[in-house]
$ cat upload.cif   # mmCIF, N, CA and C atoms
data_run
loop_
_atom_site.label_atom_id
_atom_site.label_comp_id
_atom_site.auth_asym_id
_atom_site.auth_seq_id
_atom_site.Cartn_x
_atom_site.Cartn_y
_atom_site.Cartn_z
N ARG A 99 189.19 -307.86 1.51
CA ARG A 99 188.62 -308.10 2.82
C ARG A 99 187.59 -307.01 3.11
N PRO A 100 186.39 -307.37 3.52
CA PRO A 100 185.35 -306.37 3.77
C PRO A 100 185.70 -305.49 4.97
N VAL A 101 185.29 -304.23 4.86
CA VAL A 101 185.49 -303.27 5.95
C VAL A 101 184.37 -303.47 6.97
N PRO A 102 184.71 -303.54 8.27
CA PRO A 102 183.69 -303.72 9.30
C PRO A 102 182.69 -302.57 9.31
N LEU A 103 181.47 -302.89 9.66
CA LEU A 103 180.39 -301.89 9.68
C LEU A 103 180.75 -300.70 10.55
N TRP A 104 181.36 -300.92 11.72
CA TRP A 104 181.66 -299.80 12.62
C TRP A 104 182.59 -298.80 11.96
N GLN A 105 183.46 -299.24 11.03
CA GLN A 105 184.35 -298.31 10.34
C GLN A 105 183.56 -297.44 9.36
N HIS A 106 182.55 -298.02 8.71
CA HIS A 106 181.70 -297.24 7.82
C HIS A 106 180.92 -296.20 8.62
N VAL A 107 180.38 -296.62 9.76
CA VAL A 107 179.61 -295.71 10.60
C VAL A 107 180.51 -294.59 11.10
N MET A 108 181.70 -294.94 11.52
CA MET A 108 182.63 -293.94 12.03
C MET A 108 183.01 -292.94 10.93
N ALA A 109 183.25 -293.42 9.73
CA ALA A 109 183.60 -292.53 8.63
C ALA A 109 182.44 -291.59 8.31
N GLY A 110 181.25 -292.12 8.29
CA GLY A 110 180.07 -291.27 8.03
C GLY A 110 179.85 -290.25 9.13
N THR A 111 180.06 -290.66 10.36
CA THR A 111 179.90 -289.76 11.49
C THR A 111 180.93 -288.64 11.43
N ARG A 112 182.17 -289.01 11.11
CA ARG A 112 183.23 -288.00 11.00
C ARG A 112 182.89 -286.99 9.90
N MET A 113 182.39 -287.46 8.77
CA MET A 113 182.02 -286.54 7.68
C MET A 113 180.88 -285.62 8.13
N TYR A 114 179.91 -286.17 8.84
CA TYR A 114 178.80 -285.36 9.35
C TYR A 114 179.32 -284.29 10.31
N LEU A 115 180.25 -284.65 11.20
CA LEU A 115 180.81 -283.69 12.14
C LEU A 115 181.63 -282.62 11.42
N PHE A 116 182.40 -283.00 10.41
CA PHE A 116 183.13 -282.02 9.61
C PHE A 116 182.16 -281.04 8.96
N ASP A 117 181.08 -281.56 8.40
CA ASP A 117 180.07 -280.71 7.76
C ASP A 117 179.47 -279.73 8.77
N LEU A 118 179.11 -280.22 9.95
CA LEU A 118 178.58 -279.34 10.99
C LEU A 118 179.57 -278.24 11.35
N CYS A 119 180.81 -278.63 11.52
CA CYS A 119 181.86 -277.68 11.85
C CYS A 119 181.95 -276.58 10.79
N GLU A 120 181.94 -276.97 9.54
CA GLU A 120 182.03 -275.99 8.46
C GLU A 120 180.82 -275.06 8.44
N ARG A 121 179.64 -275.65 8.52
CA ARG A 121 178.42 -274.83 8.44
C ARG A 121 178.26 -273.89 9.63
N LEU A 122 178.67 -274.34 10.82
CA LEU A 122 178.42 -273.56 12.01
C LEU A 122 179.55 -272.60 12.38
N PHE A 123 180.80 -272.93 12.04
CA PHE A 123 181.90 -272.14 12.58
C PHE A 123 182.90 -271.59 11.56
N ALA A 124 182.99 -272.13 10.38
CA ALA A 124 184.07 -271.76 9.46
C ALA A 124 184.08 -270.27 9.12
N ASN A 125 182.93 -269.66 8.93
CA ASN A 125 182.90 -268.26 8.50
C ASN A 125 183.05 -267.27 9.65
N ARG A 126 182.54 -267.60 10.81
CA ARG A 126 182.52 -266.64 11.92
C ARG A 126 183.57 -266.91 12.99
N HIS A 127 183.98 -268.15 13.14
CA HIS A 127 184.90 -268.54 14.21
C HIS A 127 185.98 -269.45 13.63
N GLU A 128 186.83 -268.87 12.79
CA GLU A 128 187.80 -269.66 12.04
C GLU A 128 188.78 -270.42 12.93
N MET A 129 189.26 -269.80 14.00
CA MET A 129 190.21 -270.49 14.88
C MET A 129 189.55 -271.70 15.56
N LEU A 130 188.31 -271.53 15.99
CA LEU A 130 187.56 -272.64 16.59
C LEU A 130 187.36 -273.74 15.57
N ALA A 131 186.98 -273.36 14.36
CA ALA A 131 186.77 -274.35 13.30
C ALA A 131 188.05 -275.13 13.02
N GLN A 132 189.19 -274.44 13.00
CA GLN A 132 190.47 -275.12 12.76
C GLN A 132 190.77 -276.12 13.87
N SER A 133 190.51 -275.73 15.10
CA SER A 133 190.74 -276.63 16.23
C SER A 133 189.84 -277.86 16.16
N LEU A 134 188.57 -277.64 15.87
CA LEU A 134 187.63 -278.77 15.77
C LEU A 134 188.00 -279.69 14.61
N ARG A 135 188.39 -279.10 13.48
CA ARG A 135 188.82 -279.91 12.33
C ARG A 135 190.02 -280.77 12.68
N ALA A 136 190.97 -280.20 13.41
CA ALA A 136 192.16 -280.96 13.80
C ALA A 136 191.77 -282.14 14.69
N GLN A 137 190.87 -281.91 15.63
CA GLN A 137 190.41 -283.01 16.49
C GLN A 137 189.75 -284.11 15.68
N LEU A 138 188.94 -283.72 14.71
CA LEU A 138 188.26 -284.71 13.88
C LEU A 138 189.24 -285.48 13.01
N ARG A 139 190.23 -284.78 12.45
CA ARG A 139 191.24 -285.46 11.63
C ARG A 139 192.04 -286.46 12.44
N GLU A 140 192.32 -286.13 13.69
CA GLU A 140 193.15 -286.98 14.54
C GLU A 140 192.38 -288.14 15.17
N ALA A 141 191.06 -288.10 15.11
CA ALA A 141 190.23 -289.14 15.73
C ALA A 141 190.33 -290.42 14.91
N ARG A 142 191.05 -291.41 15.45
CA ARG A 142 191.28 -292.67 14.74
C ARG A 142 190.43 -293.82 15.27
N ASP A 143 189.78 -293.58 16.40
CA ASP A 143 188.92 -294.62 16.97
C ASP A 143 187.65 -293.97 17.50
N LEU A 144 186.72 -294.80 17.91
CA LEU A 144 185.42 -294.31 18.34
C LEU A 144 185.53 -293.40 19.56
N ALA A 145 186.40 -293.74 20.51
CA ALA A 145 186.55 -292.90 21.71
C ALA A 145 187.03 -291.50 21.34
N ALA A 146 188.00 -291.41 20.45
CA ALA A 146 188.51 -290.10 20.03
C ALA A 146 187.45 -289.34 19.23
N LEU A 147 186.69 -290.05 18.42
CA LEU A 147 185.63 -289.39 17.66
C LEU A 147 184.55 -288.85 18.60
N ARG A 148 184.23 -289.61 19.64
CA ARG A 148 183.27 -289.13 20.63
C ARG A 148 183.78 -287.88 21.32
N CYS A 149 185.06 -287.85 21.67
CA CYS A 149 185.64 -286.65 22.30
C CYS A 149 185.55 -285.44 21.36
N ALA A 150 185.85 -285.66 20.10
CA ALA A 150 185.75 -284.57 19.13
C ALA A 150 184.31 -284.12 18.98
N GLY A 151 183.38 -285.07 18.97
CA GLY A 151 181.96 -284.72 18.90
C GLY A 151 181.50 -283.92 20.10
N LEU A 152 181.99 -284.29 21.29
CA LEU A 152 181.64 -283.54 22.50
C LEU A 152 182.21 -282.13 22.46
N ALA A 153 183.41 -281.98 21.93
CA ALA A 153 184.01 -280.65 21.80
C ALA A 153 183.16 -279.80 20.85
N LEU A 154 182.71 -280.39 19.76
CA LEU A 154 181.85 -279.68 18.83
C LEU A 154 180.55 -279.26 19.51
N LEU A 155 179.95 -280.17 20.27
CA LEU A 155 178.70 -279.85 20.97
C LEU A 155 178.90 -278.74 22.00
N GLN A 156 180.02 -278.74 22.69
CA GLN A 156 180.30 -277.67 23.64
C GLN A 156 180.43 -276.33 22.93
N ALA A 157 181.07 -276.33 21.77
CA ALA A 157 181.19 -275.10 20.98
C ALA A 157 179.83 -274.63 20.50
N VAL A 158 178.99 -275.57 20.06
CA VAL A 158 177.64 -275.20 19.62
C VAL A 158 176.87 -274.58 20.78
N GLN A 159 176.95 -275.20 21.94
CA GLN A 159 176.24 -274.67 23.10
C GLN A 159 176.73 -273.25 23.43
N SER A 160 178.02 -273.02 23.36
CA SER A 160 178.58 -271.70 23.67
C SER A 160 178.17 -270.64 22.65
N HIS A 161 178.10 -271.02 21.38
CA HIS A 161 177.88 -270.03 20.33
C HIS A 161 176.46 -270.00 19.78
N ALA A 162 175.72 -271.09 19.92
CA ALA A 162 174.37 -271.13 19.33
C ALA A 162 173.29 -271.43 20.36
N GLY A 163 173.68 -271.77 21.58
CA GLY A 163 172.70 -271.98 22.63
C GLY A 163 172.41 -273.44 22.92
N GLU A 164 171.81 -273.65 24.08
CA GLU A 164 171.53 -275.00 24.56
C GLU A 164 170.51 -275.73 23.69
N GLU A 165 169.52 -275.02 23.18
CA GLU A 165 168.49 -275.69 22.37
C GLU A 165 169.09 -276.32 21.12
N ARG A 166 169.93 -275.56 20.43
CA ARG A 166 170.58 -276.07 19.22
C ARG A 166 171.52 -277.23 19.57
N ALA A 167 172.26 -277.08 20.67
CA ALA A 167 173.17 -278.13 21.10
C ALA A 167 172.39 -279.41 21.46
N ALA A 168 171.25 -279.26 22.11
CA ALA A 168 170.44 -280.42 22.50
C ALA A 168 169.94 -281.17 21.26
N THR A 169 169.53 -280.43 20.25
CA THR A 169 169.06 -281.05 19.00
C THR A 169 170.19 -281.85 18.35
N LEU A 170 171.36 -281.24 18.25
CA LEU A 170 172.50 -281.93 17.65
C LEU A 170 172.96 -283.11 18.51
N ARG A 171 172.92 -282.94 19.82
CA ARG A 171 173.30 -284.02 20.73
C ARG A 171 172.43 -285.25 20.48
N GLU A 172 171.16 -285.03 20.29
CA GLU A 172 170.24 -286.15 20.03
C GLU A 172 170.57 -286.82 18.69
N GLN A 173 170.85 -286.02 17.67
CA GLN A 173 171.22 -286.59 16.36
C GLN A 173 172.52 -287.38 16.44
N LEU A 174 173.50 -286.84 17.13
CA LEU A 174 174.79 -287.51 17.24
C LEU A 174 174.72 -288.75 18.10
N ARG A 175 173.87 -288.75 19.09
CA ARG A 175 173.72 -289.94 19.93
C ARG A 175 173.37 -291.14 19.05
N GLY A 176 172.46 -290.97 18.13
CA GLY A 176 172.09 -292.06 17.22
C GLY A 176 173.23 -292.50 16.34
N LEU A 177 174.02 -291.56 15.84
CA LEU A 177 175.15 -291.92 14.98
C LEU A 177 176.23 -292.65 15.75
N LEU A 178 176.58 -292.14 16.92
CA LEU A 178 177.67 -292.75 17.68
C LEU A 178 177.26 -294.05 18.34
N ASP A 179 176.00 -294.19 18.68
CA ASP A 179 175.55 -295.42 19.33
C ASP A 179 175.45 -296.60 18.37
N GLU A 180 175.49 -296.34 17.06
CA GLU A 180 175.41 -297.44 16.09
C GLU A 180 176.70 -298.24 16.06
N ALA A 181 177.81 -297.63 16.43
CA ALA A 181 179.09 -298.34 16.39
C ALA A 181 179.27 -299.13 17.67
N PRO A 182 179.90 -300.29 17.59
CA PRO A 182 180.12 -301.09 18.78
C PRO A 182 181.06 -300.40 19.76
N GLN A 183 180.91 -300.70 21.03
CA GLN A 183 181.75 -300.10 22.07
C GLN A 183 183.18 -300.61 21.97
N ALA A 184 183.36 -301.88 21.77
CA ALA A 184 184.69 -302.47 21.67
C ALA A 184 185.01 -302.71 20.20
N GLN A 185 186.16 -302.23 19.78
CA GLN A 185 186.55 -302.39 18.40
C GLN A 185 187.65 -303.43 18.30
N PRO A 186 187.61 -304.25 17.26
CA PRO A 186 188.67 -305.25 17.10
C PRO A 186 190.00 -304.58 16.81
N ALA A 187 191.07 -305.17 17.27
CA ALA A 187 192.42 -304.59 17.07
C ALA A 187 192.94 -304.84 15.67
#
$ encode --input "upload.cif" --output "structure tokens"
Amino acid sequence: RPVPLWQHVMAGTRMYLFDLCERLFANRHEMLAQSLRAQLREARDLAALRCAGLALLQAVQSHAGEERAATLREQLRGLLDEAPQAQPA
């Protein structure tokens, strides 16, 4: 049975967020990185993934500034908006 497109998009988005977390926080802010990783691992639907993405953006804003956060926010908006709002059960 084929996997729905939104699941592929969600998986790719999660991998992108994990990568951002590692590049931005793993070496300097290990506890923050662990918390963000846990949120990403636990995100099983689009709403939870969006919450994890927002947490990552808040951390970026706190540690790297609003300009960097705004750039990432724009990139993530495109990734998260590709998935449908309502997911089949």
$ closest_residue --input "upload.cif" --among "A:Ala150, A:Met113, A:Ala124, A:Ala168" --to "Ala136 (chain A)" --atoms "only C-alpha atoms"
A:Ala150
$ select_by_dssp --input "upload.cif" --residues "chain A" --states "alpha helix (DSSP H)" --output "count of residues only"
69
$ atom_distance --input "upload.cif" --atom1 "CA of Thr169 (chain A)" --atom2 "CA of His106 (chain A)"
23.4 Å
$ atom_distance --input "upload.cif" --atom1 "CA of Arg139 (chain A)" --atom2 "CA of Asn125 (chain A)"
19.4 Å
$ closest_residue --input "upload.cif" --among "A:Leu174, A:Leu152, A:Leu122, A:Leu115" --to "Arg135 (chain A)" --atoms "all atoms listed in the file"
A:Leu115
$ atom_distance --input "upload.cif" --atom1 "atom N of Gln159 (chain A)" --atom2 "atom C of Gln137 (chain A)"
16.8 Å
$ resolve_selection --input "upload.cif" --expression "the PyMOL selection byres (((chain A and resi 167 and name CA) around 12) and name CA)" --output "list of chain:residue names"
A:Leu118, A:Leu122, A:Gly151, A:Leu152, A:Ala153, A:Leu154, A:Leu155, A:Gln156, A:Ala157, A:Val158, A:Gln159, A:Ser160, A:His161, A:Ala162, A:Gly163, A:Glu164, A:Glu165, A:Arg166, A:Ala168, A:Thr169, A:Leu170, A:Arg171, A:Glu172, A:Gln173, A:Leu174, A:Arg175
$ build_atoms --input "upload.cif" --residues "region 125-136 of chain A" --atoms "all heavy atoms" --output "short mmCIF file (atom, residue, chain, number, x, y, z; two decimals), in the coordinates of the input"
data_model
loop_
_atom_site.label_atom_id
_atom_site.label_comp_id
_atom_site.auth_asym_id
_atom_site.auth_seq_id
_atom_site.Cartn_x
_atom_site.Cartn_y
_atom_site.Cartn_z
N ASN A 125 182.93 -269.66 8.93
CA ASN A 125 182.90 -268.26 8.50
C ASN A 125 183.05 -267.27 9.65
O ASN A 125 183.63 -266.20 9.47
CB ASN A 125 181.61 -267.96 7.75
CG ASN A 125 181.55 -268.67 6.42
OD1 ASN A 125 182.58 -268.92 5.80
ND2 ASN A 125 180.36 -269.03 5.99
N ARG A 126 182.54 -267.60 10.81
CA ARG A 126 182.52 -266.64 11.92
C ARG A 126 183.57 -266.91 12.99
O ARG A 126 183.97 -266.00 13.71
CB ARG A 126 181.15 -266.64 12.58
CG ARG A 126 180.07 -266.14 11.66
CD ARG A 126 178.76 -266.05 12.38
NE ARG A 126 177.71 -265.75 11.42
CZ ARG A 126 176.46 -266.03 11.61
NH1 ARG A 126 176.07 -266.61 12.72
NH2 ARG A 126 175.57 -265.73 10.70
N HIS A 127 183.98 -268.15 13.14
CA HIS A 127 184.90 -268.54 14.21
C HIS A 127 185.98 -269.45 13.63
O HIS A 127 186.06 -270.63 13.96
CB HIS A 127 184.14 -269.26 15.33
CG HIS A 127 182.99 -268.48 15.87
ND1 HIS A 127 183.14 -267.41 16.71
CD2 HIS A 127 181.65 -268.61 15.67
CE1 HIS A 127 181.95 -266.92 17.02
NE2 HIS A 127 181.03 -267.62 16.39
N GLU A 128 186.83 -268.87 12.79
CA GLU A 128 187.80 -269.66 12.04
C GLU A 128 188.78 -270.42 12.93
O GLU A 128 189.08 -271.58 12.68
CB GLU A 128 188.58 -268.78 11.06
CG GLU A 128 189.61 -269.52 10.23
CD GLU A 128 189.04 -270.66 9.39
OE1 GLU A 128 187.89 -270.58 8.93
OE2 GLU A 128 189.77 -271.66 9.21
N MET A 129 189.26 -269.80 14.00
CA MET A 129 190.21 -270.49 14.88
C MET A 129 189.55 -271.70 15.56
O MET A 129 190.15 -272.76 15.67
CB MET A 129 190.77 -269.53 15.93
CG MET A 129 191.61 -268.41 15.33
SD MET A 129 193.04 -269.01 14.40
CE MET A 129 194.03 -269.65 15.72
N LEU A 130 188.31 -271.53 15.99
CA LEU A 130 187.56 -272.64 16.59
C LEU A 130 187.36 -273.74 15.57
O LEU A 130 187.56 -274.92 15.86
CB LEU A 130 186.22 -272.14 17.13
CG LEU A 130 185.28 -273.19 17.68
CD1 LEU A 130 185.91 -273.94 18.85
CD2 LEU A 130 183.96 -272.54 18.10
N ALA A 131 186.98 -273.36 14.36
CA ALA A 131 186.77 -274.35 13.30
C ALA A 131 188.05 -275.13 13.02
O ALA A 131 188.02 -276.35 12.87
CB ALA A 131 186.27 -273.66 12.03
N GLN A 132 189.19 -274.44 13.00
CA GLN A 132 190.47 -275.12 12.76
C GLN A 132 190.77 -276.12 13.87
O GLN A 132 191.22 -277.24 13.60
CB GLN A 132 191.60 -274.10 12.65
CG GLN A 132 191.58 -273.33 11.37
CD GLN A 132 192.71 -272.30 11.30
OE1 GLN A 132 193.63 -272.32 12.09
NE2 GLN A 132 192.61 -271.39 10.34
N SER A 133 190.51 -275.73 15.10
CA SER A 133 190.74 -276.63 16.23
C SER A 133 189.84 -277.86 16.16
O SER A 133 190.30 -278.99 16.37
CB SER A 133 190.50 -275.86 17.54
OG SER A 133 190.57 -276.74 18.64
N LEU A 134 188.57 -277.64 15.87
CA LEU A 134 187.63 -278.77 15.77
C LEU A 134 188.00 -279.69 14.61
O LEU A 134 187.94 -280.91 14.73
CB LEU A 134 186.19 -278.25 15.63
CG LEU A 134 185.63 -277.54 16.85
CD1 LEU A 134 184.32 -276.84 16.51
CD2 LEU A 134 185.45 -278.51 18.01
N ARG A 135 188.39 -279.10 13.48
CA ARG A 135 188.82 -279.91 12.33
C ARG A 135 190.02 -280.77 12.68
O ARG A 135 190.08 -281.95 12.31
CB ARG A 135 189.20 -279.01 11.15
CG ARG A 135 188.04 -278.48 10.38
CD ARG A 135 188.57 -277.76 9.13
NE ARG A 135 187.78 -276.58 8.90
CZ ARG A 135 188.18 -275.33 9.00
NH1 ARG A 135 189.43 -275.05 9.32
NH2 ARG A 135 187.37 -274.34 8.77
N ALA A 136 190.97 -280.20 13.41
CA ALA A 136 192.16 -280.96 13.80
C ALA A 136 191.77 -282.14 14.69
O ALA A 136 192.28 -283.25 14.51
CB ALA A 136 193.16 -280.05 14.53
#
